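Listing of target-v8.txt; format and content: compact mmCIF, C-alpha atoms and all ligand atoms.
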# COMPACT_ATOMS: atom_id res chain seq x y z
CA MET F 17 -18.79 -12.41 7.07
CA GLY F 18 -22.34 -12.44 8.39
CA GLU F 19 -23.62 -9.98 10.97
CA LEU F 20 -21.98 -6.68 11.72
CA ASP F 21 -20.66 -7.10 15.23
CA PRO F 22 -19.73 -3.95 17.19
CA THR F 23 -15.99 -4.34 16.53
CA PHE F 24 -16.63 -3.21 12.93
CA ILE F 25 -18.46 0.01 13.78
CA GLN F 26 -16.62 3.24 12.98
CA GLU F 27 -16.94 6.30 15.19
CA PRO F 28 -19.53 8.68 13.66
CA LYS F 29 -16.90 11.12 12.38
CA HIS F 30 -15.14 8.38 10.40
CA ARG F 31 -18.22 6.85 8.78
CA PRO F 32 -18.42 7.04 4.99
CA LYS F 33 -20.83 9.35 3.21
CA LEU F 34 -22.48 6.99 0.80
CA ALA F 35 -23.07 9.78 -1.73
CA VAL F 36 -19.61 10.01 -3.22
CA THR F 37 -17.62 13.01 -4.46
CA GLU F 38 -16.23 12.13 -7.88
CA ALA F 39 -15.47 15.52 -9.36
CA HIS F 40 -11.92 16.11 -10.56
CA GLY F 41 -10.50 12.77 -9.56
CA ILE F 42 -6.87 11.81 -9.31
CA PRO F 43 -4.62 12.48 -12.34
CA GLN F 44 -4.60 9.91 -15.15
CA ILE F 45 -1.17 9.41 -16.66
CA ASP F 46 -0.26 7.72 -19.94
CA LEU F 47 2.98 5.73 -19.59
CA SER F 48 3.38 4.98 -23.30
CA PRO F 49 6.28 7.49 -23.74
CA LEU F 50 8.35 5.10 -21.60
CA MET F 51 8.23 2.44 -24.27
CA ALA F 52 10.38 4.69 -26.49
CA ASN F 53 13.78 6.29 -25.98
CA ARG F 54 13.98 7.84 -22.51
CA ASN F 55 15.38 11.21 -23.67
CA THR F 56 12.40 12.39 -25.66
CA PRO F 57 10.41 15.52 -24.79
CA ALA F 58 7.42 13.23 -24.20
CA VAL F 59 9.30 11.56 -21.35
CA GLN F 60 10.15 14.96 -19.89
CA ASP F 61 6.46 15.87 -19.98
CA LEU F 62 5.64 12.58 -18.32
CA VAL F 63 8.12 13.29 -15.52
CA GLY F 64 6.42 16.66 -15.05
CA GLU F 65 3.01 14.99 -14.81
CA VAL F 66 4.29 12.52 -12.22
CA ARG F 67 5.82 15.39 -10.20
CA GLY F 68 2.54 17.30 -10.26
CA ALA F 69 0.52 14.23 -9.27
CA CYS F 70 2.87 13.37 -6.40
CA GLU F 71 2.87 16.96 -5.11
CA ASN F 72 -0.83 17.64 -5.43
CA TRP F 73 -2.43 14.27 -4.74
CA GLY F 74 0.05 11.60 -3.65
CA PHE F 75 -2.09 9.39 -5.92
CA PHE F 76 -2.39 8.88 -9.67
CA GLU F 77 -3.71 6.36 -12.15
CA VAL F 78 -1.62 4.91 -14.99
CA PHE F 79 -2.58 3.46 -18.36
CA ASN F 80 -0.46 2.00 -21.21
CA HIS F 81 1.58 0.54 -18.36
CA GLY F 82 2.83 -2.59 -20.13
CA ILE F 83 1.22 -5.19 -17.83
CA PRO F 84 -0.78 -7.73 -19.86
CA LEU F 85 -4.46 -7.67 -18.98
CA GLU F 86 -4.51 -11.50 -18.88
CA SER F 87 -1.96 -11.58 -16.06
CA ARG F 88 -4.13 -9.41 -13.84
CA GLU F 89 -7.40 -11.11 -14.81
CA ARG F 90 -5.99 -14.55 -14.16
CA LEU F 91 -4.96 -13.51 -10.64
CA MET F 92 -8.30 -11.79 -9.97
CA SER F 93 -10.19 -14.96 -10.86
CA ALA F 94 -7.83 -17.20 -8.85
CA ALA F 95 -8.36 -14.85 -5.88
CA LYS F 96 -12.11 -15.16 -6.29
CA ARG F 97 -11.91 -18.96 -6.34
CA PHE F 98 -9.75 -18.92 -3.22
CA PHE F 99 -12.06 -16.61 -1.23
CA ASP F 100 -15.17 -18.50 -2.41
CA GLN F 101 -14.15 -21.45 -0.23
CA PRO F 102 -15.51 -22.08 3.29
CA VAL F 103 -13.64 -20.19 5.98
CA GLU F 104 -12.30 -23.45 7.51
CA GLU F 105 -10.44 -24.15 4.25
CA LYS F 106 -9.00 -20.65 4.11
CA ARG F 107 -7.89 -20.81 7.73
CA LYS F 108 -5.66 -23.77 6.87
CA VAL F 109 -3.30 -21.19 5.34
CA ARG F 110 -3.85 -18.62 8.08
CA ARG F 111 -1.00 -16.28 8.90
CA ASP F 112 0.56 -16.25 12.36
CA GLU F 113 2.96 -14.08 14.28
CA ALA F 114 6.12 -15.98 13.31
CA ASN F 115 5.21 -16.06 9.60
CA PRO F 116 2.62 -13.41 8.72
CA GLN F 117 1.97 -14.65 5.15
CA GLY F 118 -1.29 -16.22 4.05
CA TYR F 119 -4.93 -15.73 4.95
CA TYR F 120 -6.27 -13.32 7.55
CA ASP F 121 -9.79 -12.05 8.27
CA THR F 122 -9.48 -10.08 11.49
CA GLU F 123 -7.35 -7.09 10.56
CA HIS F 124 -8.01 -3.91 12.51
CA THR F 125 -7.17 -0.38 11.40
CA LYS F 126 -6.98 1.99 14.37
CA ASN F 127 -8.62 -0.61 16.59
CA VAL F 128 -11.73 -0.94 14.40
CA ARG F 129 -12.12 -4.19 12.50
CA ASP F 130 -11.97 -4.01 8.69
CA TRP F 131 -14.79 -5.60 6.66
CA LYS F 132 -12.43 -7.69 4.52
CA GLU F 133 -10.36 -10.81 4.24
CA VAL F 134 -6.84 -10.88 2.80
CA PHE F 135 -4.19 -13.25 1.48
CA ASP F 136 -0.57 -12.03 1.55
CA VAL F 137 2.30 -13.26 -0.64
CA THR F 138 5.91 -12.01 -0.52
CA VAL F 139 7.91 -11.27 -3.65
CA GLU F 140 11.17 -12.74 -2.33
CA ALA F 141 10.49 -16.28 -1.23
CA PRO F 142 11.62 -16.79 1.44
CA MET F 143 11.76 -13.15 2.56
CA LYS F 144 14.28 -12.02 5.18
CA MET F 145 13.09 -9.84 8.05
CA PHE F 146 14.14 -9.02 11.61
CA ALA F 147 12.75 -11.65 13.99
CA SER F 148 11.74 -9.09 16.59
CA HIS F 149 10.89 -5.43 17.00
CA ASP F 150 13.48 -5.11 19.79
CA PRO F 151 16.29 -2.83 18.54
CA ALA F 152 18.87 -4.84 20.50
CA ASP F 153 17.86 -8.13 18.87
CA ASP F 154 19.50 -8.58 15.48
CA ARG F 155 18.23 -12.09 14.75
CA ILE F 156 16.77 -12.58 11.27
CA THR F 157 13.77 -14.70 10.35
CA GLU F 158 12.43 -15.91 7.01
CA TYR F 159 8.83 -15.49 5.91
CA VAL F 160 7.55 -18.31 3.74
CA ASN F 161 4.53 -18.17 1.44
CA ARG F 162 1.67 -20.49 2.32
CA TRP F 163 0.06 -21.99 -0.78
CA PRO F 164 -3.39 -23.53 -0.45
CA PRO F 165 -4.26 -26.69 -2.43
CA HIS F 166 -7.20 -24.85 -4.00
CA PRO F 167 -7.32 -23.22 -6.45
CA PRO F 168 -4.27 -24.96 -7.93
CA GLU F 169 -3.49 -22.05 -10.28
CA LEU F 170 -3.19 -19.48 -7.48
CA ARG F 171 0.57 -19.86 -7.00
CA ASP F 172 1.41 -19.55 -10.69
CA ALA F 173 -0.95 -16.64 -11.13
CA CYS F 174 0.64 -14.79 -8.19
CA GLU F 175 4.18 -15.47 -9.36
CA GLU F 176 3.49 -14.33 -12.93
CA TYR F 177 1.72 -11.20 -11.78
CA VAL F 178 4.49 -10.33 -9.34
CA LYS F 179 7.06 -10.40 -12.17
CA ASP F 180 4.94 -8.05 -14.26
CA VAL F 181 4.16 -5.61 -11.49
CA GLN F 182 7.79 -5.50 -10.40
CA GLN F 183 8.80 -4.31 -13.85
CA LEU F 184 6.22 -1.56 -13.64
CA SER F 185 7.49 -0.62 -10.18
CA TYR F 186 11.00 -0.05 -11.57
CA LYS F 187 9.63 2.21 -14.30
CA LEU F 188 7.72 4.20 -11.72
CA LEU F 189 10.78 4.47 -9.48
CA GLU F 190 12.69 5.86 -12.43
CA LEU F 191 10.01 8.47 -13.10
CA ILE F 192 9.79 9.42 -9.44
CA SER F 193 13.60 9.75 -9.20
CA LEU F 194 13.64 12.00 -12.28
CA SER F 195 10.74 14.01 -10.88
CA LEU F 196 12.86 14.75 -7.80
CA ASN F 197 15.74 15.83 -10.10
CA LEU F 198 17.72 12.72 -9.20
CA PRO F 199 19.44 10.27 -11.57
CA PRO F 200 16.90 7.74 -12.96
CA ASN F 201 18.42 4.79 -11.08
CA ARG F 202 18.80 6.56 -7.72
CA LEU F 203 16.11 4.57 -5.89
CA GLU F 204 16.43 1.16 -7.51
CA PRO F 205 19.34 -0.13 -5.33
CA PHE F 206 17.08 -0.08 -2.26
CA PHE F 207 15.08 -2.87 -3.91
CA SER F 208 17.62 -4.83 -5.91
CA LYS F 209 18.50 -7.26 -3.10
CA ASP F 210 16.30 -8.68 -0.31
CA GLN F 211 13.32 -6.45 -1.01
CA THR F 212 10.41 -6.96 1.40
CA SER F 213 7.67 -6.18 -1.14
CA PHE F 214 4.47 -8.22 -1.08
CA ILE F 215 1.14 -8.49 -2.82
CA ARG F 216 -2.14 -8.68 -0.97
CA LEU F 217 -5.33 -10.20 -2.36
CA ASN F 218 -8.18 -8.20 -0.79
CA HIS F 219 -11.75 -9.46 -0.71
CA TYR F 220 -14.51 -7.18 0.58
CA PRO F 221 -17.73 -9.19 0.96
CA PRO F 222 -21.12 -7.41 0.76
CA CYS F 223 -21.73 -5.69 4.09
CA PRO F 224 -25.10 -5.36 5.85
CA ALA F 225 -24.25 -1.86 7.15
CA PRO F 226 -21.95 -0.02 4.73
CA ASP F 227 -22.84 3.25 6.46
CA LEU F 228 -21.22 2.06 9.72
CA ALA F 229 -18.24 -0.05 8.66
CA LEU F 230 -15.29 0.30 6.27
CA GLY F 231 -13.45 -2.28 4.18
CA VAL F 232 -10.22 -0.63 5.32
CA GLY F 233 -10.26 2.25 7.77
CA ARG F 234 -8.40 5.46 6.97
CA HIS F 235 -4.66 4.88 6.78
CA LYS F 236 -1.44 5.74 4.98
CA ASP F 237 0.74 3.06 3.40
CA ALA F 238 4.00 2.63 5.34
CA ILE F 239 5.92 1.23 2.37
CA ALA F 240 7.64 3.06 -0.54
CA LEU F 241 5.04 2.83 -3.31
CA THR F 242 1.74 1.00 -3.90
CA ILE F 243 0.52 -0.29 -7.27
CA LEU F 244 -3.14 -1.21 -6.93
CA ALA F 245 -5.37 -3.20 -9.28
CA GLN F 246 -9.05 -2.80 -8.43
CA ASP F 247 -12.05 -4.47 -10.05
CA ASP F 248 -15.02 -2.54 -11.47
CA VAL F 249 -17.02 -2.24 -8.22
CA GLY F 250 -15.29 0.77 -6.63
CA GLY F 251 -14.90 1.73 -2.99
CA LEU F 252 -11.46 3.33 -2.67
CA GLU F 253 -11.50 6.92 -1.43
CA VAL F 254 -8.55 9.30 -1.21
CA LYS F 255 -8.35 12.25 1.17
CA ARG F 256 -7.84 15.32 -0.98
CA LYS F 257 -4.95 17.53 0.09
CA GLY F 258 -6.03 21.02 0.96
CA ASP F 259 -9.65 20.52 1.99
CA GLY F 260 -9.56 16.97 3.39
CA GLU F 261 -12.58 15.90 1.31
CA TRP F 262 -12.85 12.14 0.63
CA ILE F 263 -12.69 11.61 -3.16
CA PHE F 264 -14.00 8.42 -4.76
CA VAL F 265 -11.53 6.73 -7.12
CA LYS F 266 -13.71 5.66 -9.99
CA PRO F 267 -12.60 2.30 -11.43
CA THR F 268 -11.21 2.55 -14.96
CA PRO F 269 -10.64 -0.77 -16.76
CA ASN F 270 -7.03 -1.90 -17.13
CA THR F 271 -5.45 0.95 -15.17
CA PHE F 272 -3.46 0.86 -11.94
CA ILE F 273 -3.70 3.26 -9.03
CA ILE F 274 -0.31 4.38 -7.76
CA ASN F 275 0.31 6.01 -4.41
CA VAL F 276 3.33 7.39 -2.65
CA GLY F 277 3.98 5.65 0.68
CA ASP F 278 5.61 6.88 3.88
CA ILE F 279 9.13 5.86 2.76
CA ILE F 280 9.01 8.11 -0.32
CA GLN F 281 7.67 10.87 1.91
CA VAL F 282 10.79 10.56 4.09
CA TRP F 283 13.23 10.10 1.18
CA SER F 284 11.80 13.22 -0.47
CA ASN F 285 12.02 15.13 2.84
CA ASP F 286 8.27 15.88 2.64
CA ARG F 287 8.23 17.10 -0.98
CA TYR F 288 5.89 14.22 -1.60
CA GLU F 289 3.37 13.12 0.98
CA SER F 290 1.87 9.74 1.75
CA VAL F 291 -1.85 10.47 1.61
CA GLU F 292 -4.65 8.94 3.65
CA HIS F 293 -7.13 6.64 1.98
CA ARG F 294 -9.86 4.20 2.99
CA VAL F 295 -12.21 1.68 1.41
CA MET F 296 -16.00 1.79 1.48
CA VAL F 297 -18.02 -1.39 1.23
CA ASN F 298 -21.53 -1.88 -0.17
CA SER F 299 -24.51 -4.03 0.66
CA THR F 300 -24.91 -5.84 -2.65
CA LYS F 301 -21.58 -6.43 -4.35
CA GLU F 302 -18.38 -8.10 -3.28
CA ARG F 303 -15.19 -6.33 -4.32
CA PHE F 304 -11.65 -7.51 -5.06
CA SER F 305 -8.43 -5.52 -5.17
CA ILE F 306 -4.76 -6.42 -5.39
CA PRO F 307 -2.18 -3.98 -4.03
CA PHE F 308 1.54 -4.53 -4.62
CA PHE F 309 3.47 -2.90 -1.79
CA LEU F 310 6.97 -2.00 -2.98
CA SER F 311 9.24 -2.17 0.07
CA PRO F 312 13.04 -2.08 0.51
CA SER F 313 15.33 -4.58 2.26
CA TYR F 314 14.95 -5.00 6.01
CA TYR F 315 18.42 -3.46 6.58
CA THR F 316 17.53 -0.20 4.79
CA VAL F 317 17.87 2.90 6.95
CA VAL F 318 15.13 5.23 5.74
CA GLU F 319 16.20 8.90 5.82
CA PRO F 320 15.91 12.00 3.62
CA LEU F 321 18.12 11.61 0.53
CA ALA F 322 21.35 13.60 0.87
CA GLU F 323 20.80 15.34 -2.51
CA LEU F 324 17.47 16.76 -1.31
CA ILE F 325 18.72 18.44 1.83
CA ASP F 326 20.78 21.58 2.32
CA GLU F 327 20.91 24.57 4.66
CA GLN F 328 17.60 25.98 3.41
CA ASN F 329 16.02 22.53 3.48
CA PRO F 330 17.41 20.67 6.47
CA ALA F 331 16.50 17.02 7.00
CA ARG F 332 13.08 16.70 8.60
CA TYR F 333 13.59 13.11 9.80
CA THR F 334 16.23 11.11 11.59
CA GLY F 335 16.93 7.77 9.95
CA TYR F 336 14.97 4.68 10.99
CA SER F 337 15.43 0.99 10.33
CA TRP F 338 12.79 -0.27 7.89
CA GLY F 339 13.08 -3.81 9.28
CA LYS F 340 12.48 -2.69 12.87
CA PHE F 341 9.60 -0.45 11.79
CA PHE F 342 8.02 -3.34 9.87
CA ALA F 343 8.49 -5.82 12.74
CA THR F 344 6.93 -3.36 15.17
CA ARG F 345 3.87 -2.87 12.95
CA LYS F 346 3.45 -6.59 12.34
CA ARG F 347 3.51 -7.26 16.07
CA SER F 348 0.54 -4.98 16.58
CA ASN F 349 -1.51 -7.13 14.17
CA PHE F 350 -1.46 -9.88 16.74
CA LYS F 351 -1.41 -8.10 20.09
CA LYS F 352 -3.57 -5.21 21.23
CA LEU F 353 -0.97 -2.75 22.44
CA ASP F 354 -1.64 0.07 24.85
CA VAL F 355 0.92 2.34 23.25
CA GLU F 356 0.28 4.07 19.94
CA ASN F 357 1.72 2.23 16.98
CA ILE F 358 5.00 3.32 15.39
CA GLN F 359 4.66 6.12 12.81
CA ILE F 360 7.06 8.10 10.64
CA TYR F 361 6.26 11.28 12.54
CA HIS F 362 8.01 9.66 15.52
CA PHE F 363 11.21 10.23 13.54
CA LYS F 364 10.48 13.86 12.75
CA ILE F 365 13.10 16.31 13.86
CA ALA F 366 11.99 18.37 16.87
CA ASP F 367 10.29 21.54 15.65
CA GLU F 368 8.35 19.58 13.02
CA LEU F 369 6.53 17.76 15.82
CA LYS F 370 4.52 20.91 16.48
CA VAL F 371 3.19 20.83 12.92
CA ASP F 372 2.29 17.13 12.83
CA ASP F 373 0.12 16.29 15.78
CA GLY F 374 -0.27 12.67 14.73
CA VAL F 375 -4.05 12.96 14.36
CA SER F 376 -4.20 10.94 11.17
CA GLN F 377 -2.10 8.00 12.22
CA VAL F 378 -2.82 4.36 11.62
CA GLU F 379 -2.50 0.86 13.04
CA ASN F 380 -1.74 -1.39 10.11
CA LEU F 381 1.39 -1.78 8.10
CA VAL F 382 -0.24 -0.56 4.96
O1 LIG P 401 -8.77 -2.04 -1.80
C1 LIG P 401 -8.34 -0.92 -2.06
O2 LIG P 401 -8.80 -0.23 -2.95
C2 LIG P 401 -7.21 -0.30 -1.25
C3 LIG P 401 -6.66 -1.19 -0.17
C4 LIG P 401 -5.62 -0.50 0.66
O3 LIG P 401 -5.56 0.69 0.78
C5 LIG P 401 -4.62 -1.31 1.36
O4 LIG P 401 -4.75 -2.57 1.36
O5 LIG P 401 -3.66 -0.71 1.90
FE FE P 402 -3.62 1.35 1.60
Write the structure described by the file as structure tokens, please.
Amino acid sequence: MGELDPTFIQEPKHRPKLAVTEAHGIPQIDLSPLMANRNTPAVQDLVGEVRGACENWGFFEVFNHGIPLESRERLMSAAKRFFDQPVEEKRKVRRDEANPQGYYDTEHTKNVRDWKEVFDVTVEAPMKMFASHDPADDRITEYVNRWPPHPPELRDACEEYVKDVQQLSYKLLELISLSLNLPPNRLEPFFSKDQTSFIRLNHYPPCPAPDLALGVGRHKDAIALTILAQDDVGGLEVKRKGDGEWIFVKPTPNTFIINVGDIIQVWSNDRYESVEHRVMVNSTKERFSIPFFLSPSYYTVVEPLAELIDEQNPARYTGYSWGKFFATRKRSNFKKLDVENIQIYHFKIADELKVDDGVSQVENLV
């Protein structure tokens, strides 16, 4: 990506400390009890671990997750072959406002450019979405995946991986439902038809000034749940609840990083929180990561689940349309808007607004 032009430079208070804090990282959770009968004490312990991780961190790492290592490695190497091409080739599958799937290298988070390039692929193909952010406009559009001619295996590798990661997402939804004392299949129907989930291939090239720029600026994921595969380079940092310290997520081979997104925060009525994270870059090594962003249908109205609210715990959010939220965020990827981007705290019920001052809000969808 060459020189560091000023659009990449973070304000001093948001610059990374290159000496990283690794102590007591995010919880590591063994999913092997899920392979057996669901009613065993081991599964109950697992549900307890997931509850603790969601409450205390909003992030955790899973192993014995059931996804074949080959599936992930095949996609990582196809991604590398794709990004290795000259930029003119990659721009032939560039995303645009009408169909934001494909290649993109000018994403901004909070108006500062990210030191990365991405390639987005939807799970449903084509994927249905509202055509506009305007609440009065109910036209639907279809997003179509853009497949480059090179590398030829990219499409197959993406499609295979998506199948695997979707299965894992359903297991995680089950655990999260149980951890909120809900029936195991309570959340699945939001995703069983017309889900808007997608995977993103992220490439972070070596950066001449890793002390000034970030691969992705601080943000929270707007979707329900993220399942992230990262390579062995490292760079992801999570903002620790309580003291706000940035904690480095040390890469562990063949594990996935899971984080709660804004939608689970709202469904859980703030029992679980979508936590800020960011990505550091480095001057010598390129880095690859592949998040899967689990997202419901465009017609889902996101609101606190009825079972989790009562007189002592009134709903903290009014419902919002996921499709309109998504369309509004996508629009800001292409136009610099003067107004602040849409955020879940905009749907907070009145007296909560005093608590959340919106300081840690973001620009991008995820
Ligand atoms: O690359 C990573 O480790 C995380 C990327 C991320 O947070 C995102 O794409 O939303
Ligand atoms: Fe993220």
For this session: Taking only C-alpha atoms and all ligand atoms into account, report as a list of chain:residue names which residues have an atom no farther than 8 Å from an atom of ligand LIG 401 (chain P).
Result: F:Arg216, F:Asn218, F:Gly231, F:Val232, F:His235, F:Lys236, F:Asp237, F:Leu244, F:Ala245, F:Gln246, F:Gly250, F:Gly251, F:Leu252, F:Glu253, F:His293, F:Arg294, F:Val295, F:Phe304, F:Ser305, F:Ile306, F:Pro307, F:Val382
Exercise. How many Å separate CA of Tyr159 (chain F) from CA of Lys144 (chain F)?
Worked result: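 If I compute the distance from CA of Tyr159 (chain F) to CA of Lys144 (chain F), I get 6.5 Å.
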Problem set entry | Who sits within 10 Å of Ser87 (chain F), all atoms listed in the file, same chain under 2 positions skipped, as a list of chain:residue names |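 The contact residues come out as F:Ile83, F:Pro84, F:Leu85, F:Glu89, F:Arg90, F:Leu91, F:Met92, F:Ala173, F:Cys174, F:Glu175, F:Glu176, F:Tyr177, F:Val178, F:Lys179, F:Asp180, F:Val181.
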Problem set entry | Who sits within 10 Å of Lys255 (chain F), all atoms listed in the file, same chain under 5 positions skipped, as a PyMOL selection string | chain F and resi 73-75+234-235+260-264+291-294
For this session: Measure the distance from CA of Ser311 (chain F) to CA of Ser193 (chain F) in Å and round it to one decimal.
Result: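 Straight-line distance from CA of Ser311 (chain F) to CA of Ser193 (chain F) works out to 15.7 Å.
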Exercise. So which residues touch region 116-125 of chain F within 6 Å, counting only C-alpha atoms, skipping near sequence neighbours fewer than 4 positions away, as a list in words?
Worked result: Val109, Arg110, Arg111, Asp112, Arg129, Asp130, Glu133, Val134, Phe135, Asp136, Val137, Asn161, Arg162, Gly233, Glu379 and Asn380 of chain F
Problem set entry | Distance of CA of Gly64 (chain F) from CA of Gly258 (chain F), expressed in Å to one decimal place |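 These atoms are spaced 20.7 Å apart.
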For this session: Considering all atoms listed in the file, return as a list of chain:residue names whatever protein or nucleic-acid residues lie within 8 Å of Ala240 (chain F), sequence-local ones (same chain, fewer than 6 positions apart) excluded.
Result: F:Val276, F:Gly277, F:Asp278, F:Ile279, F:Ile280, F:Phe309, F:Leu310, F:Ser311, F:Pro312
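Using all atoms listed in the file for every distance, the candidate list F:Phe99, F:Arg347, F:Ser290, F:Leu189 yields F:Ser290 as the residue closest to ligand FE 402 (chain P).
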Exercise. Which polymer residues have any atom within 12 Å of an atom of Pro28 (chain F), counting all atoms listed in the file, with same-chain residues fewer than 2 positions away left out, as JSON, numbers by chain?
Worked result: {"F": [25, 26, 30, 31, 32, 33, 227, 228, 229, 230]}
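Using all atoms listed in the file, the shortest contact distance between ligand FE 402 (chain P) and any of F:Thr242, F:Asn201, F:Thr138, F:Gln211 is found at F:Thr242.
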For this session: Return the single residue from F:Phe342, F:Phe308, F:Phe146, F:Phe24 that is closest to ligand FE 402 (chain P), with distances computed using only C-alpha atoms and all ligand atoms.
Result: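 Once distances to ligand FE 402 (chain P) are computed over only C-alpha atoms and all ligand atoms, the minimum belongs to F:Phe308.
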For this session: Select, from F:Asn329, F:Ile243, F:His362, F:Val318, the residue with the minimum atom-to-atom distance to ligand FE 402 (chain P), counting all atoms listed in the file.
Result: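 Checking each of F:Asn329, F:Ile243, F:His362, F:Val318 against ligand FE 402 (chain P), counting all atoms listed in the file, the winner is F:Ile243.
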Problem set entry | Selected residue, from F:Pro49, F:Pro142, F:Pro167, F:Pro200, that lies nearest to Phe214 (chain F) when counting all atoms listed in the file |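 Comparing F:Pro49, F:Pro142, F:Pro167, F:Pro200 against Phe214 (chain F), the winner is F:Pro142.
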Exercise. Of the residues F:Leu20, F:Ile239, F:Ile274, F:Leu203, which is the one nearest to Val254 (chain F), using all atoms listed in the file?
Worked result: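 Of F:Leu20, F:Ile239, F:Ile274, F:Leu203, the one nearest Val254 (chain F) is F:Ile274, counting all atoms listed in the file.
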Completed region 69-85 of chain F (N, CA and C atoms) as a tab-separated table (two decimals), keeping the file's coordinate frame:
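Written output follows (out_1.tsv):
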chain	number	residue	atom	x	y	z
F	69	ALA	N	1.44	15.16	-9.94
F	69	ALA	CA	0.52	14.23	-9.27
F	69	ALA	C	1.01	13.92	-7.86
F	70	CYS	N	2.32	13.70	-7.73
F	70	CYS	CA	2.87	13.37	-6.40
F	70	CYS	C	2.74	14.57	-5.46
F	71	GLU	N	2.96	15.77	-5.99
F	71	GLU	CA	2.87	16.96	-5.11
F	71	GLU	C	1.44	17.28	-4.72
F	72	ASN	N	0.53	17.15	-5.68
F	72	ASN	CA	-0.83	17.64	-5.43
F	72	ASN	C	-1.77	16.59	-4.85
F	73	TRP	N	-1.50	15.31	-5.16
F	73	TRP	CA	-2.43	14.27	-4.74
F	73	TRP	C	-1.81	13.14	-3.92
F	74	GLY	N	-0.55	12.81	-4.24
F	74	GLY	CA	0.05	11.60	-3.65
F	74	GLY	C	-0.51	10.34	-4.28
F	75	PHE	N	-1.44	10.51	-5.23
F	75	PHE	CA	-2.09	9.39	-5.92
F	75	PHE	C	-2.18	9.71	-7.40
F	76	PHE	N	-2.06	8.71	-8.26
F	76	PHE	CA	-2.39	8.88	-9.67
F	76	PHE	C	-2.73	7.52	-10.28
F	77	GLU	N	-3.29	7.59	-11.48
F	77	GLU	CA	-3.71	6.36	-12.15
F	77	GLU	C	-2.87	6.24	-13.42
F	78	VAL	N	-2.42	5.04	-13.77
F	78	VAL	CA	-1.62	4.91	-14.99
F	78	VAL	C	-2.30	3.99	-16.00
F	79	PHE	N	-2.14	4.35	-17.28
F	79	PHE	CA	-2.58	3.46	-18.36
F	79	PHE	C	-1.45	3.33	-19.39
F	80	ASN	N	-1.58	2.38	-20.33
F	80	ASN	CA	-0.46	2.00	-21.21
F	80	ASN	C	0.78	1.67	-20.36
F	81	HIS	N	0.56	0.84	-19.37
F	81	HIS	CA	1.58	0.54	-18.36
F	81	HIS	C	2.41	-0.68	-18.69
F	82	GLY	N	2.02	-1.44	-19.72
F	82	GLY	CA	2.83	-2.59	-20.13
F	82	GLY	C	2.49	-3.91	-19.45
F	83	ILE	N	1.57	-3.91	-18.47
F	83	ILE	CA	1.22	-5.19	-17.83
F	83	ILE	C	0.09	-5.84	-18.61
F	84	PRO	N	0.29	-7.09	-19.08
F	84	PRO	CA	-0.78	-7.73	-19.86
F	84	PRO	C	-2.06	-7.89	-19.03
F	85	LEU	N	-3.16	-7.57	-19.66
F	85	LEU	CA	-4.46	-7.67	-18.98
F	85	LEU	C	-4.72	-9.10	-18.48
